[in-house]
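**Student:** The file below is protein-v8.cif, mmCIF, C-alpha atoms:
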```cif
data_start
#
loop_
_atom_site.group_PDB
_atom_site.id
_atom_site.type_symbol
_atom_site.label_atom_id
_atom_site.label_comp_id
_atom_site.auth_asym_id
_atom_site.auth_seq_id
_atom_site.Cartn_x
_atom_site.Cartn_y
_atom_site.Cartn_z
ATOM 1 C CA MET L 1 0.000 0.000 0.000
ATOM 2 C CA GLU L 2 1.014 3.646 -0.431
ATOM 3 C CA ALA L 3 1.275 5.813 2.671
ATOM 4 C CA ASP L 4 2.443 9.282 3.664
ATOM 5 C CA ILE L 5 5.146 9.328 6.334
ATOM 6 C CA GLN L 6 4.271 11.864 9.013
ATOM 7 C CA THR L 7 6.928 11.495 11.718
ATOM 8 C CA LEU L 8 9.832 9.390 12.991
ATOM 9 C CA GLY L 9 9.553 6.834 15.778
ATOM 10 C CA GLY L 10 12.054 6.212 18.544
ATOM 11 C CA ARG L 11 13.871 3.520 16.516
ATOM 12 C CA GLY L 12 14.206 5.771 13.480
ATOM 13 C CA ASP L 13 11.378 4.188 11.479
ATOM 14 C CA GLY L 14 9.023 6.473 9.607
ATOM 15 C CA ILE L 15 5.433 6.405 10.873
ATOM 16 C CA GLY L 16 2.444 6.738 8.534
ATOM 17 C CA ASP L 17 -1.228 5.862 8.535
ATOM 18 C CA ALA L 18 -2.699 2.580 7.318
ATOM 19 C CA GLY L 19 -6.459 2.825 7.542
ATOM 20 C CA GLY L 20 -6.409 4.292 11.039
ATOM 21 C CA GLN L 21 -3.493 2.188 12.272
ATOM 22 C CA ARG L 22 0.101 3.268 12.653
ATOM 23 C CA LEU L 23 2.370 1.956 9.914
ATOM 24 C CA TYR L 24 6.098 1.719 10.705
ATOM 25 C CA VAL L 25 8.349 1.819 7.625
ATOM 26 C CA PRO L 26 12.159 1.835 7.987
ATOM 27 C CA PHE L 27 14.474 4.022 5.877
ATOM 28 C CA THR L 28 11.848 6.708 5.300
ATOM 29 C CA LEU L 29 11.537 10.371 6.285
ATOM 30 C CA PRO L 30 8.654 12.678 7.272
ATOM 31 C CA GLY L 31 6.992 14.203 4.219
ATOM 32 C CA GLU L 32 7.703 11.232 1.977
ATOM 33 C CA ARG L 33 5.119 9.115 0.186
ATOM 34 C CA VAL L 34 6.180 5.496 0.027
ATOM 35 C CA LEU L 35 5.054 2.127 -1.235
ATOM 36 C CA ALA L 36 5.256 -0.341 1.659
ATOM 37 C CA ARG L 37 4.666 -4.058 2.053
ATOM 38 C CA ILE L 38 2.678 -5.003 5.164
ATOM 39 C CA GLU L 39 4.784 -7.585 7.005
ATOM 40 C CA GLY L 40 2.922 -8.083 10.284
ATOM 41 C CA ARG L 41 1.971 -6.515 13.584
ATOM 42 C CA ARG L 42 4.197 -4.198 15.582
ATOM 43 C CA GLY L 43 3.006 -2.966 18.950
ATOM 44 C CA ASP L 44 0.010 -0.715 18.397
ATOM 45 C CA GLY L 45 0.317 -0.788 14.611
ATOM 46 C CA LEU L 46 1.668 -2.542 11.545
ATOM 47 C CA ALA L 47 5.225 -3.271 10.435
ATOM 48 C CA GLY L 48 5.966 -2.350 6.847
ATOM 49 C CA GLY L 49 8.852 -3.057 4.522
ATOM 50 C CA LEU L 50 9.945 -0.297 2.170
ATOM 51 C CA VAL L 51 9.335 -1.198 -1.480
ATOM 52 C CA GLU L 52 9.763 2.219 -3.106
ATOM 53 C CA VAL L 53 10.016 5.892 -2.175
ATOM 54 C CA VAL L 54 7.323 7.353 -4.428
ATOM 55 C CA ARG L 55 7.929 10.972 -3.405
ATOM 56 C CA PRO L 56 11.205 11.578 -1.552
ATOM 57 C CA ALA L 57 11.694 14.300 1.021
ATOM 58 C CA PRO L 58 13.607 17.305 -0.375
ATOM 59 C CA ASP L 59 16.374 16.878 2.198
ATOM 60 C CA ARG L 60 16.951 13.115 1.728
ATOM 61 C CA VAL L 61 20.686 12.421 1.333
ATOM 62 C CA PRO L 62 22.615 9.439 -0.084
ATOM 63 C CA PRO L 63 23.775 6.999 2.636
ATOM 64 C CA LEU L 64 27.483 6.888 3.473
ATOM 65 C CA CYS L 65 27.791 3.102 3.519
ATOM 66 C CA ARG L 66 27.184 0.485 0.833
ATOM 67 C CA HIS L 67 25.672 -1.849 3.464
ATOM 68 C CA PHE L 68 22.996 0.615 4.601
ATOM 69 C CA GLY L 69 19.542 -0.921 4.428
ATOM 70 C CA ASP L 70 20.861 -4.474 4.855
ATOM 71 C CA CYS L 71 23.174 -4.133 7.866
ATOM 72 C CA GLY L 72 21.249 -3.573 11.083
ATOM 73 C CA GLY L 73 23.762 -1.169 12.583
ATOM 74 C CA CYS L 74 22.397 2.120 11.207
ATOM 75 C CA ALA L 75 18.845 3.384 10.698
ATOM 76 C CA LEU L 76 19.075 6.978 9.459
ATOM 77 C CA GLN L 77 22.013 7.472 7.093
ATOM 78 C CA HIS L 78 19.518 8.925 4.597
ATOM 79 C CA MET L 79 18.730 11.792 7.014
ATOM 80 C CA PRO L 80 20.683 15.098 6.965
ATOM 81 C CA ALA L 81 23.038 15.605 9.895
ATOM 82 C CA ASP L 82 21.300 18.695 11.291
ATOM 83 C CA ALA L 83 17.862 17.048 11.146
ATOM 84 C CA TYR L 84 19.273 13.927 12.797
ATOM 85 C CA GLY L 85 20.695 16.023 15.623
ATOM 86 C CA ARG L 86 17.353 17.715 16.234
ATOM 87 C CA TRP L 87 15.507 14.378 16.190
ATOM 88 C CA LYS L 88 17.872 12.784 18.723
ATOM 89 C CA ARG L 89 17.581 15.783 21.039
ATOM 90 C CA GLU L 90 13.790 15.774 20.815
ATOM 91 C CA LEU L 91 13.709 12.107 21.882
ATOM 92 C CA LEU L 92 15.299 13.127 25.181
ATOM 93 C CA VAL L 93 13.123 16.232 25.539
ATOM 94 C CA ALA L 94 9.972 14.114 25.042
ATOM 95 C CA ALA L 95 11.163 11.428 27.492
ATOM 96 C CA LEU L 96 11.815 14.048 30.162
ATOM 97 C CA ALA L 97 8.441 15.705 29.533
ATOM 98 C CA ARG L 98 6.656 12.382 30.074
ATOM 99 C CA ARG L 99 8.149 12.408 33.587
ATOM 100 C CA GLY L 100 7.064 15.973 34.276
ATOM 101 C CA LEU L 101 10.466 17.515 33.554
ATOM 102 C CA GLU L 102 9.522 19.947 30.802
ATOM 103 C CA ALA L 103 11.773 22.745 32.095
ATOM 104 C CA VAL L 104 15.018 20.743 32.105
ATOM 105 C CA PRO L 105 17.587 22.384 29.805
ATOM 106 C CA VAL L 106 18.816 20.062 27.033
ATOM 107 C CA ALA L 107 21.855 21.044 25.002
ATOM 108 C CA PRO L 108 22.191 20.244 21.281
ATOM 109 C CA LEU L 109 23.463 16.789 20.382
ATOM 110 C CA LEU L 110 27.241 16.477 20.469
ATOM 111 C CA ARG L 111 28.247 14.594 17.328
ATOM 112 C CA LEU L 112 31.550 12.934 16.520
ATOM 113 C CA PRO L 113 33.096 12.620 13.062
ATOM 114 C CA PRO L 114 32.902 9.362 11.074
ATOM 115 C CA GLY L 115 35.744 6.935 11.611
ATOM 116 C CA SER L 116 36.102 7.653 15.334
ATOM 117 C CA ARG L 117 34.453 4.579 16.911
ATOM 118 C CA ARG L 118 37.210 2.496 18.518
ATOM 119 C CA ARG L 119 35.238 -0.567 19.610
ATOM 120 C CA ALA L 120 32.889 -2.982 17.864
ATOM 121 C CA ALA L 121 31.401 -6.421 18.495
ATOM 122 C CA PHE L 122 31.385 -8.283 15.186
ATOM 123 C CA THR L 123 29.325 -11.424 14.618
ATOM 124 C CA PHE L 124 30.594 -14.472 12.768
ATOM 125 C CA ALA L 125 28.992 -17.661 11.507
ATOM 126 C CA ARG L 126 30.623 -20.560 9.743
ATOM 127 C CA ARG L 127 28.618 -22.501 7.222
ATOM 128 C CA GLY L 128 30.659 -25.350 5.837
ATOM 129 C CA GLY L 129 33.950 -24.013 4.562
ATOM 130 C CA ARG L 130 32.837 -20.369 4.480
ATOM 131 C CA LEU L 131 32.958 -17.971 7.408
ATOM 132 C CA VAL L 132 30.960 -14.735 7.314
ATOM 133 C CA LEU L 133 32.137 -11.919 9.599
ATOM 134 C CA GLY L 134 30.350 -8.614 10.092
ATOM 135 C CA PHE L 135 27.155 -7.281 11.671
ATOM 136 C CA ASN L 136 23.687 -8.786 11.903
ATOM 137 C CA ALA L 137 21.151 -7.793 9.293
ATOM 138 C CA ARG L 138 18.231 -5.728 10.480
ATOM 139 C CA ALA L 139 15.972 -7.760 12.831
ATOM 140 C CA SER L 140 17.725 -10.966 11.755
ATOM 141 C CA HIS L 141 20.327 -13.530 12.795
ATOM 142 C CA ARG L 142 21.776 -13.391 9.286
ATOM 143 C CA VAL L 143 25.302 -11.975 9.218
ATOM 144 C CA VAL L 144 26.169 -9.276 6.682
ATOM 145 C CA ALA L 145 29.764 -9.644 5.491
ATOM 146 C CA LEU L 146 31.308 -6.268 6.225
ATOM 147 C CA ALA L 147 33.417 -4.620 3.533
ATOM 148 C CA GLU L 148 33.298 -1.124 5.044
ATOM 149 C CA CYS L 149 31.910 0.825 7.990
ATOM 150 C CA PRO L 150 32.283 4.622 7.957
ATOM 151 C CA LEU L 151 31.695 4.779 11.721
ATOM 152 C CA LEU L 152 34.664 2.635 12.749
ATOM 153 C CA ARG L 153 38.318 3.470 12.956
ATOM 154 C CA PRO L 154 39.870 2.165 9.718
ATOM 155 C CA ALA L 155 42.127 -0.285 11.591
ATOM 156 C CA LEU L 156 39.108 -2.268 12.816
ATOM 157 C CA VAL L 157 37.686 -2.766 9.322
ATOM 158 C CA ALA L 158 41.123 -3.496 7.870
ATOM 159 C CA LEU L 159 41.543 -6.392 10.325
ATOM 160 C CA LEU L 160 38.383 -8.243 9.261
ATOM 161 C CA PRO L 161 39.659 -10.194 6.217
ATOM 162 C CA ALA L 162 42.636 -11.657 8.097
ATOM 163 C CA LEU L 163 40.561 -12.246 11.241
ATOM 164 C CA GLY L 164 37.949 -14.082 9.180
ATOM 165 C CA GLU L 165 40.599 -16.321 7.622
ATOM 166 C CA ALA L 166 42.106 -17.114 11.022
ATOM 167 C CA LEU L 167 38.734 -17.999 12.534
ATOM 168 C CA ALA L 168 37.774 -20.138 9.539
ATOM 169 C CA ALA L 169 40.965 -22.145 10.034
ATOM 170 C CA VAL L 170 40.234 -23.052 13.665
ATOM 171 C CA LEU L 171 36.438 -23.221 13.984
ATOM 172 C CA PRO L 172 34.369 -26.369 13.373
ATOM 173 C CA PRO L 173 31.437 -26.399 10.916
ATOM 174 C CA SER L 174 28.342 -24.463 12.024
ATOM 175 C CA ALA L 175 30.298 -22.543 14.670
ATOM 176 C CA SER L 176 29.191 -19.017 15.469
ATOM 177 C CA GLY L 177 30.004 -16.286 17.939
ATOM 178 C CA ASP L 178 31.275 -12.758 18.367
ATOM 179 C CA ALA L 179 34.616 -11.025 18.017
ATOM 180 C CA VAL L 180 35.012 -7.886 20.110
ATOM 181 C CA VAL L 181 37.731 -5.644 18.678
ATOM 182 C CA THR L 182 39.009 -2.581 20.521
ATOM 183 C CA ALA L 183 41.584 -0.086 19.282
ATOM 184 C CA THR L 184 43.896 0.692 22.199
ATOM 185 C CA GLU L 185 46.949 2.917 22.370
ATOM 186 C CA ALA L 186 49.137 -0.182 21.964
ATOM 187 C CA GLY L 187 47.219 -1.711 19.062
ATOM 188 C CA LEU L 188 44.131 -3.831 18.558
ATOM 189 C CA ASP L 189 42.727 -5.990 21.354
ATOM 190 C CA VAL L 190 40.582 -8.948 20.191
ATOM 191 C CA LEU L 191 38.283 -11.176 22.232
ATOM 192 C CA VAL L 192 36.627 -14.136 20.482
ATOM 193 C CA GLU L 193 33.476 -15.433 22.203
ATOM 194 C CA THR L 194 32.109 -18.755 20.964
ATOM 195 C CA ALA L 195 30.936 -22.134 22.217
ATOM 196 C CA ALA L 196 33.692 -23.873 20.228
ATOM 197 C CA PRO L 197 36.695 -24.984 22.328
ATOM 198 C CA LEU L 198 40.216 -24.119 21.218
ATOM 199 C CA ASP L 199 42.689 -26.967 20.716
ATOM 200 C CA LEU L 200 46.464 -26.760 20.509
ATOM 201 C CA PHE L 201 46.425 -26.386 16.721
ATOM 202 C CA GLY L 202 43.925 -23.548 16.959
ATOM 203 C CA ARG L 203 45.929 -21.829 19.677
ATOM 204 C CA GLU L 204 49.107 -21.952 17.594
ATOM 205 C CA ARG L 205 47.246 -20.745 14.494
ATOM 206 C CA LEU L 206 45.745 -17.786 16.335
ATOM 207 C CA ALA L 207 49.035 -16.903 18.019
ATOM 208 C CA ALA L 208 50.633 -16.735 14.569
ATOM 209 C CA PHE L 209 47.749 -14.562 13.368
ATOM 210 C CA ALA L 210 48.218 -12.196 16.328
ATOM 211 C CA GLU L 211 51.895 -11.866 15.412
ATOM 212 C CA ALA L 212 51.211 -11.303 11.712
ATOM 213 C CA ALA L 213 48.447 -8.757 12.415
ATOM 214 C CA ASP L 214 50.524 -7.042 15.132
ATOM 215 C CA LEU L 215 47.736 -7.367 17.695
ATOM 216 C CA ALA L 216 48.329 -6.173 21.223
ATOM 217 C CA ARG L 217 46.296 -9.036 22.696
ATOM 218 C CA LEU L 218 44.093 -11.932 21.587
ATOM 219 C CA SER L 219 41.803 -13.837 23.970
ATOM 220 C CA TRP L 220 39.271 -16.651 23.638
ATOM 221 C CA ARG L 221 36.192 -17.251 25.790
ATOM 222 C CA THR L 222 33.604 -20.033 25.845
ATOM 223 C CA PRO L 223 30.408 -20.008 27.953
ATOM 224 C CA THR L 224 32.124 -22.202 30.578
ATOM 225 C CA ASP L 225 35.108 -19.866 31.029
ATOM 226 C CA ALA L 226 34.970 -17.731 34.158
ATOM 227 C CA ILE L 227 37.618 -15.507 32.605
ATOM 228 C CA PRO L 228 38.839 -15.326 28.989
ATOM 229 C CA ASP L 229 41.645 -17.654 27.959
ATOM 230 C CA PRO L 230 44.761 -15.684 26.916
ATOM 231 C CA VAL L 231 46.034 -16.796 23.504
ATOM 232 C CA ALA L 232 48.546 -14.018 22.824
ATOM 233 C CA ARG L 233 49.534 -10.974 24.852
ATOM 234 C CA ARG L 234 52.269 -9.263 22.897
ATOM 235 C CA ARG L 235 52.076 -5.963 24.781
ATOM 236 C CA PRO L 236 49.671 -4.408 27.290
ATOM 237 C CA PRO L 237 46.581 -3.058 25.455
ATOM 238 C CA VAL L 238 46.336 0.166 27.460
ATOM 239 C CA VAL L 239 43.995 3.141 27.221
ATOM 240 C CA SER L 240 44.532 6.502 28.870
ATOM 241 C CA LEU L 241 41.869 7.486 31.421
ATOM 242 C CA GLY L 242 42.423 10.869 33.057
ATOM 243 C CA GLY L 243 46.122 10.676 32.248
ATOM 244 C CA VAL L 244 46.504 7.163 33.724
ATOM 245 C CA SER L 245 47.356 4.142 31.551
ATOM 246 C CA VAL L 246 44.849 1.373 32.245
ATOM 247 C CA GLU L 247 44.804 -2.159 30.816
ATOM 248 C CA PRO L 248 41.121 -3.165 30.526
ATOM 249 C CA PRO L 249 40.213 -6.850 30.920
ATOM 250 C CA PRO L 250 39.407 -8.599 27.618
ATOM 251 C CA GLY L 251 36.015 -7.455 26.359
ATOM 252 C CA ALA L 252 35.599 -4.855 29.113
ATOM 253 C CA PHE L 253 33.197 -2.001 28.424
ATOM 254 C CA LEU L 254 34.662 1.238 27.122
ATOM 255 C CA GLN L 255 32.862 4.207 25.649
ATOM 256 C CA PRO L 256 32.640 3.625 21.880
ATOM 257 C CA SER L 257 34.994 6.533 21.116
ATOM 258 C CA ALA L 258 37.795 8.205 23.034
ATOM 259 C CA GLU L 259 36.418 11.596 21.971
ATOM 260 C CA GLY L 260 32.972 10.831 23.345
ATOM 261 C CA GLU L 261 34.476 9.475 26.548
ATOM 262 C CA GLY L 262 36.464 12.681 26.992
ATOM 263 C CA ALA L 263 33.387 14.844 26.454
ATOM 264 C CA ILE L 264 31.349 12.889 29.028
ATOM 265 C CA ALA L 265 34.210 12.879 31.535
ATOM 266 C CA ASP L 266 34.569 16.660 31.231
ATOM 267 C CA LEU L 267 30.855 17.079 31.988
ATOM 268 C CA VAL L 268 31.085 14.718 34.985
ATOM 269 C CA VAL L 269 34.074 16.599 36.415
ATOM 270 C CA GLU L 270 32.264 19.901 35.905
ATOM 271 C CA ALA L 271 29.103 18.565 37.558
ATOM 272 C CA ALA L 272 31.091 17.313 40.560
ATOM 273 C CA GLY L 273 31.877 20.982 41.169
ATOM 274 C CA GLY L 274 35.215 20.478 42.864
ATOM 275 C CA ALA L 275 33.842 18.044 45.464
ATOM 276 C CA ALA L 276 36.533 16.731 47.804
ATOM 277 C CA ARG L 277 35.081 13.180 47.981
ATOM 278 C CA VAL L 278 33.246 11.338 45.207
ATOM 279 C CA ALA L 279 31.664 7.869 45.010
ATOM 280 C CA ASP L 280 31.885 6.512 41.454
ATOM 281 C CA LEU L 281 29.342 3.697 41.291
ATOM 282 C CA TYR L 282 29.418 1.286 38.327
ATOM 283 C CA ALA L 283 32.892 2.650 37.729
ATOM 284 C CA GLY L 284 33.927 0.164 35.056
ATOM 285 C CA CYS L 285 37.552 0.633 34.086
ATOM 286 C CA GLY L 286 37.629 4.153 35.538
ATOM 287 C CA SER L 287 36.457 6.391 32.694
ATOM 288 C CA PHE L 288 35.255 8.921 35.295
ATOM 289 C CA THR L 289 37.271 7.739 38.310
ATOM 290 C CA PHE L 290 40.641 8.882 37.035
ATOM 291 C CA PRO L 291 39.514 12.255 35.576
ATOM 292 C CA LEU L 292 37.772 13.038 38.895
ATOM 293 C CA ALA L 293 40.909 12.098 40.804
ATOM 294 C CA ALA L 294 43.044 14.191 38.451
ATOM 295 C CA ALA L 295 40.762 17.137 39.250
ATOM 296 C CA GLY L 296 41.615 16.777 42.945
ATOM 297 C CA ALA L 297 38.829 14.565 44.338
ATOM 298 C CA ARG L 298 39.326 11.561 46.574
ATOM 299 C CA VAL L 299 37.353 8.926 44.645
ATOM 300 C CA HIS L 300 35.872 5.682 45.953
ATOM 301 C CA ALA L 301 35.203 3.547 42.870
ATOM 302 C CA VAL L 302 32.785 0.608 42.999
ATOM 303 C CA GLU L 303 32.223 -1.917 40.203
#
```
I need this file expressed as structure tokens, please.
**Tutor:**
Amino acid sequence: MEADIQTLGGRGDGIGDAGGQRLYVPFTLPGERVLARIEGRRGDGLAGGLVEVVRPAPDRVPPLCRHFGDCGGCALQHMPADAYGRWKRELLVAALARRGLEAVPVAPLLRLPPGSRRRAAFTFARRGGRLVLGFNARASHRVVALAECPLLRPALVALLPALGEALAAVLPPSASGDAVVTATEAGLDVLVETAAPLDLFGRERLAAFAEAADLARLSWRTPTDAIPDPVARRRPPVVSLGGVSVEPPPGAFLQPSAEGEGAIADLVVEAAGGAARVADLYAGCGSFTFPLAAAGARVHAVE
């Protein structure tokens, strides 16, 4: 059916009207008329698949990535940057208003440039002799083989072909899992998470891969492992937090970008207002702990 898109939902899907019911259509913008295929129910309305943009919005832009529309990582690459910023801010404004906080000041969205994300969890699946490594397709367990990603630091994408070959050489048929890759100041840190155990041959093969790819560290974890199994630790994979070099555990949470982490830490330090004592709860690796301490506070960190 054809429908006019009136607004954007919280997930970035366009919302139109289908005979008095909400119709959610991904990859559309307000003001567009689209041809959509009704695919089922979704909450209080219908889920639609985009067949054709009959009348595009004047400000629609070409997506940055060749995988957009198939890969499930991005929803609004066809939306101009300024409009995207306003939409994201309004999501927060509306959420606060629903809690009676209409007067809370909300600054404009702080955006980072493409190619600045330092951390990604890639998905892999082996089917016979072929291993596919990338991100999940939208609302699917299917893995999209990743050839590019404008959001990530180039070193992460450049590692994927060799990482895929190394995993294909050691994984049994039908194996699947995730590979968490983090760009640290000492090089890339890789954690492979899968149900497949690692034998001596696999360990030697991956150690050689870590050497050839100049990884800082490579670890392996199965569901029965309390802690990841170290395969290769060629140098400490450190990150700088408030001027302190910290070696995160394999797969530990870090803010997706160092620039974003710095911006949040600056706001936290400012909000602390020069407090002499601070409790940092859910401290993680210390993204806020060390900047607060560098600002002069005595910090009690709890994780």
**Student:** Which residues come within 12 Å of Leu191 of chain L, counting all atoms listed in the file, excluding same-chain residues fewer than 4 positions away, as a short mmCIF file (atom, residue, chain, number, x, y, z; two decimals) with C-alpha atoms, in the frame of the given file?
**Tutor:**
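Okay, this is what ended up in around06.cif:
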```
data_model
loop_
_atom_site.label_atom_id
_atom_site.label_comp_id
_atom_site.auth_asym_id
_atom_site.auth_seq_id
_atom_site.Cartn_x
_atom_site.Cartn_y
_atom_site.Cartn_z
CA ARG L 119 35.24 -0.57 19.61
CA ALA L 120 32.89 -2.98 17.86
CA ALA L 121 31.40 -6.42 18.50
CA PHE L 122 31.38 -8.28 15.19
CA THR L 123 29.32 -11.42 14.62
CA LEU L 163 40.56 -12.25 11.24
CA LEU L 167 38.73 -18.00 12.53
CA GLY L 177 30.00 -16.29 17.94
CA ASP L 178 31.28 -12.76 18.37
CA ALA L 179 34.62 -11.02 18.02
CA VAL L 180 35.01 -7.89 20.11
CA VAL L 181 37.73 -5.64 18.68
CA THR L 182 39.01 -2.58 20.52
CA ALA L 183 41.58 -0.09 19.28
CA LEU L 206 45.74 -17.79 16.34
CA ALA L 210 48.22 -12.20 16.33
CA LEU L 215 47.74 -7.37 17.70
CA ALA L 216 48.33 -6.17 21.22
CA ARG L 217 46.30 -9.04 22.70
CA LEU L 218 44.09 -11.93 21.59
CA SER L 219 41.80 -13.84 23.97
CA TRP L 220 39.27 -16.65 23.64
CA ARG L 221 36.19 -17.25 25.79
CA THR L 222 33.60 -20.03 25.84
CA ILE L 227 37.62 -15.51 32.60
CA PRO L 228 38.84 -15.33 28.99
CA ASP L 229 41.64 -17.65 27.96
CA PRO L 230 44.76 -15.68 26.92
CA VAL L 231 46.03 -16.80 23.50
CA ALA L 232 48.55 -14.02 22.82
CA ARG L 233 49.53 -10.97 24.85
CA PRO L 248 41.12 -3.16 30.53
CA PRO L 249 40.21 -6.85 30.92
CA PRO L 250 39.41 -8.60 27.62
CA GLY L 251 36.02 -7.46 26.36
CA ALA L 252 35.60 -4.86 29.11
#
```
**Student:** Using the chain letters and numbers from the file, which residues does the PyMOL selection byres ((chain L and resi 239) around 12) grab, as a PDB file with C-alpha atoms, keeping the file's coordinate frame?
**Tutor:**
```pdb
ATOM      1  CA  ARG L 118      37.210   2.496  18.518  1.00  0.00           C
ATOM      2  CA  THR L 182      39.009  -2.581  20.521  1.00  0.00           C
ATOM      3  CA  ALA L 183      41.584  -0.086  19.282  1.00  0.00           C
ATOM      4  CA  THR L 184      43.896   0.692  22.199  1.00  0.00           C
ATOM      5  CA  GLU L 185      46.949   2.917  22.370  1.00  0.00           C
ATOM      6  CA  ALA L 186      49.137  -0.182  21.964  1.00  0.00           C
ATOM      7  CA  GLY L 187      47.219  -1.711  19.062  1.00  0.00           C
ATOM      8  CA  LEU L 188      44.131  -3.831  18.558  1.00  0.00           C
ATOM      9  CA  ASP L 189      42.727  -5.990  21.354  1.00  0.00           C
ATOM     10  CA  ALA L 216      48.329  -6.173  21.223  1.00  0.00           C
ATOM     11  CA  PRO L 236      49.671  -4.408  27.290  1.00  0.00           C
ATOM     12  CA  PRO L 237      46.581  -3.058  25.455  1.00  0.00           C
ATOM     13  CA  VAL L 238      46.336   0.166  27.460  1.00  0.00           C
ATOM     14  CA  SER L 240      44.532   6.502  28.870  1.00  0.00           C
ATOM     15  CA  LEU L 241      41.869   7.486  31.421  1.00  0.00           C
ATOM     16  CA  GLY L 242      42.423  10.869  33.057  1.00  0.00           C
ATOM     17  CA  GLY L 243      46.122  10.676  32.248  1.00  0.00           C
ATOM     18  CA  VAL L 244      46.504   7.163  33.724  1.00  0.00           C
ATOM     19  CA  SER L 245      47.356   4.142  31.551  1.00  0.00           C
ATOM     20  CA  VAL L 246      44.849   1.373  32.245  1.00  0.00           C
ATOM     21  CA  GLU L 247      44.804  -2.159  30.816  1.00  0.00           C
ATOM     22  CA  PRO L 248      41.121  -3.165  30.526  1.00  0.00           C
ATOM     23  CA  PRO L 249      40.213  -6.850  30.920  1.00  0.00           C
ATOM     24  CA  ALA L 252      35.599  -4.855  29.113  1.00  0.00           C
ATOM     25  CA  LEU L 254      34.662   1.238  27.122  1.00  0.00           C
ATOM     26  CA  GLN L 255      32.862   4.207  25.649  1.00  0.00           C
ATOM     27  CA  SER L 257      34.994   6.533  21.116  1.00  0.00           C
ATOM     28  CA  ALA L 258      37.795   8.205  23.034  1.00  0.00           C
ATOM     29  CA  GLU L 261      34.476   9.475  26.548  1.00  0.00           C
ATOM     30  CA  CYS L 285      37.552   0.633  34.086  1.00  0.00           C
ATOM     31  CA  GLY L 286      37.629   4.153  35.538  1.00  0.00           C
ATOM     32  CA  SER L 287      36.457   6.391  32.694  1.00  0.00           C
ATOM     33  CA  PHE L 290      40.641   8.882  37.035  1.00  0.00           C
TER      34      PHE L 290
END
```
**Student:** Which one is closest to Pro30 of chain L: L:Trp87, L:Cys71, L:Ala81, L:Leu92? Count only C-alpha atoms.
**Tutor:**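 That would be L:Trp87, the residue with the smallest distance to Pro30 of chain L.
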**Student:** Which residues fall under the PyMOL selection byres ((chain L and resi 294-301) around 12) in this file, as a ChimeraX atom specification?
**Tutor:** /L:241-244,265-266,268-293,302-303
**Student:** Write out as a list in words each polymer residue whose atoms come within 6 Å of segment 151-156 of chain L, counting only C-alpha atoms; drop sequence neighbours fewer than 3 positions from it.
**Tutor:**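 These residues fall inside the cut-off: Pro114, Gly115, Ser116, Arg117, Arg118 and Leu159 of chain L.
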**Student:** Quote the spacing between atom CA of Gly16 of chain L and atom CA of Arg37 of chain L in Å to one decimal place.
**Tutor:**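 Atom CA of Arg37 of chain L lies at a distance of 12.8 Å from atom CA of Gly16 of chain L.
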**Student:** Please compute the atom CA of Asn136 of chain L-atom CA of Asp44 of chain L distance, one decimal, in Å.
**Tutor:**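 About the pair atom CA of Asn136 of chain L and atom CA of Asp44 of chain L: they are 25.8 Å apart.
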**Student:** To one decimal place in Å, what is the distance between atom CA of Gly40 of chain L and atom CA of Gly20 of chain L?
**Tutor:**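 Separation between atom CA of Gly40 of chain L and atom CA of Gly20 of chain L: 15.5 Å.
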**Student:** Please identify all polymer residues lying at most 12 Å from the point (17.8, 16.8, 17.8) (file coordinates), using all atoms listed in the file, and present the result as a list in words.
**Tutor:**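 Applying the cut-off with all atoms listed in the file, one gets Leu8, Met79, Pro80, Ala81, Asp82, Ala83, Tyr84, Gly85, Arg86, Trp87, Lys88, Arg89, Glu90, Leu91, Leu92, Val93, Ala94, Val106, Ala107, Pro108, Leu109, Leu110 and Arg111 of chain L.
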**Student:** Using only C-alpha atoms, pick whichever of L:Gly12, L:Ala207, L:Gly49, L:Asp4 has the shortest atom-to-atom distance to Val34 of chain L.
**Tutor:**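 Of L:Gly12, L:Ala207, L:Gly49, L:Asp4, the one nearest Val34 of chain L, counting only C-alpha atoms, is L:Asp4.
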**Student:** Counting only C-alpha atoms, which of L:Ala95, L:Pro63, L:Gly69, L:Glu39 gets nearest to Gly10 of chain L?
**Tutor:**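 Closest candidate: L:Ala95.
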**Student:** From the set L:Leu112, L:Glu32, L:Tyr24, L:Ala212, which residue has the shortest atom-to-atom contact distance to Ala263 of chain L, counting all atoms listed in the file?
**Tutor:**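 Closest candidate: L:Leu112.
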**Student:** Find the residues around Pro197 of chain L up to 12 Å (all atoms listed in the file counted), leave out those fewer than 3 positions away in its own chain, and share them as a list in words.
**Tutor:**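 That gives Val170, Leu171, Pro172, Ala175, Ser176, Gly177, Val192, Glu193, Thr194, Leu200, Phe201, Gly202, Arg203, Trp220, Arg221, Thr222, Pro223, Thr224, Asp225, Pro228 and Asp229 of chain L.
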**Student:** Go ahead and write the residues just picked, C-alpha atoms, as a short mmCIF file (atom, residue, chain, number, x, y, z; two decimals), keeping the file's coordinate frame.
**Tutor:**
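Saved as out_0.cif:
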```cif
data_model
loop_
_atom_site.label_atom_id
_atom_site.label_comp_id
_atom_site.auth_asym_id
_atom_site.auth_seq_id
_atom_site.Cartn_x
_atom_site.Cartn_y
_atom_site.Cartn_z
CA VAL L 170 40.23 -23.05 13.66
CA LEU L 171 36.44 -23.22 13.98
CA PRO L 172 34.37 -26.37 13.37
CA ALA L 175 30.30 -22.54 14.67
CA SER L 176 29.19 -19.02 15.47
CA GLY L 177 30.00 -16.29 17.94
CA VAL L 192 36.63 -14.14 20.48
CA GLU L 193 33.48 -15.43 22.20
CA THR L 194 32.11 -18.76 20.96
CA LEU L 200 46.46 -26.76 20.51
CA PHE L 201 46.42 -26.39 16.72
CA GLY L 202 43.92 -23.55 16.96
CA ARG L 203 45.93 -21.83 19.68
CA TRP L 220 39.27 -16.65 23.64
CA ARG L 221 36.19 -17.25 25.79
CA THR L 222 33.60 -20.03 25.84
CA PRO L 223 30.41 -20.01 27.95
CA THR L 224 32.12 -22.20 30.58
CA ASP L 225 35.11 -19.87 31.03
CA PRO L 228 38.84 -15.33 28.99
CA ASP L 229 41.64 -17.65 27.96
#
```
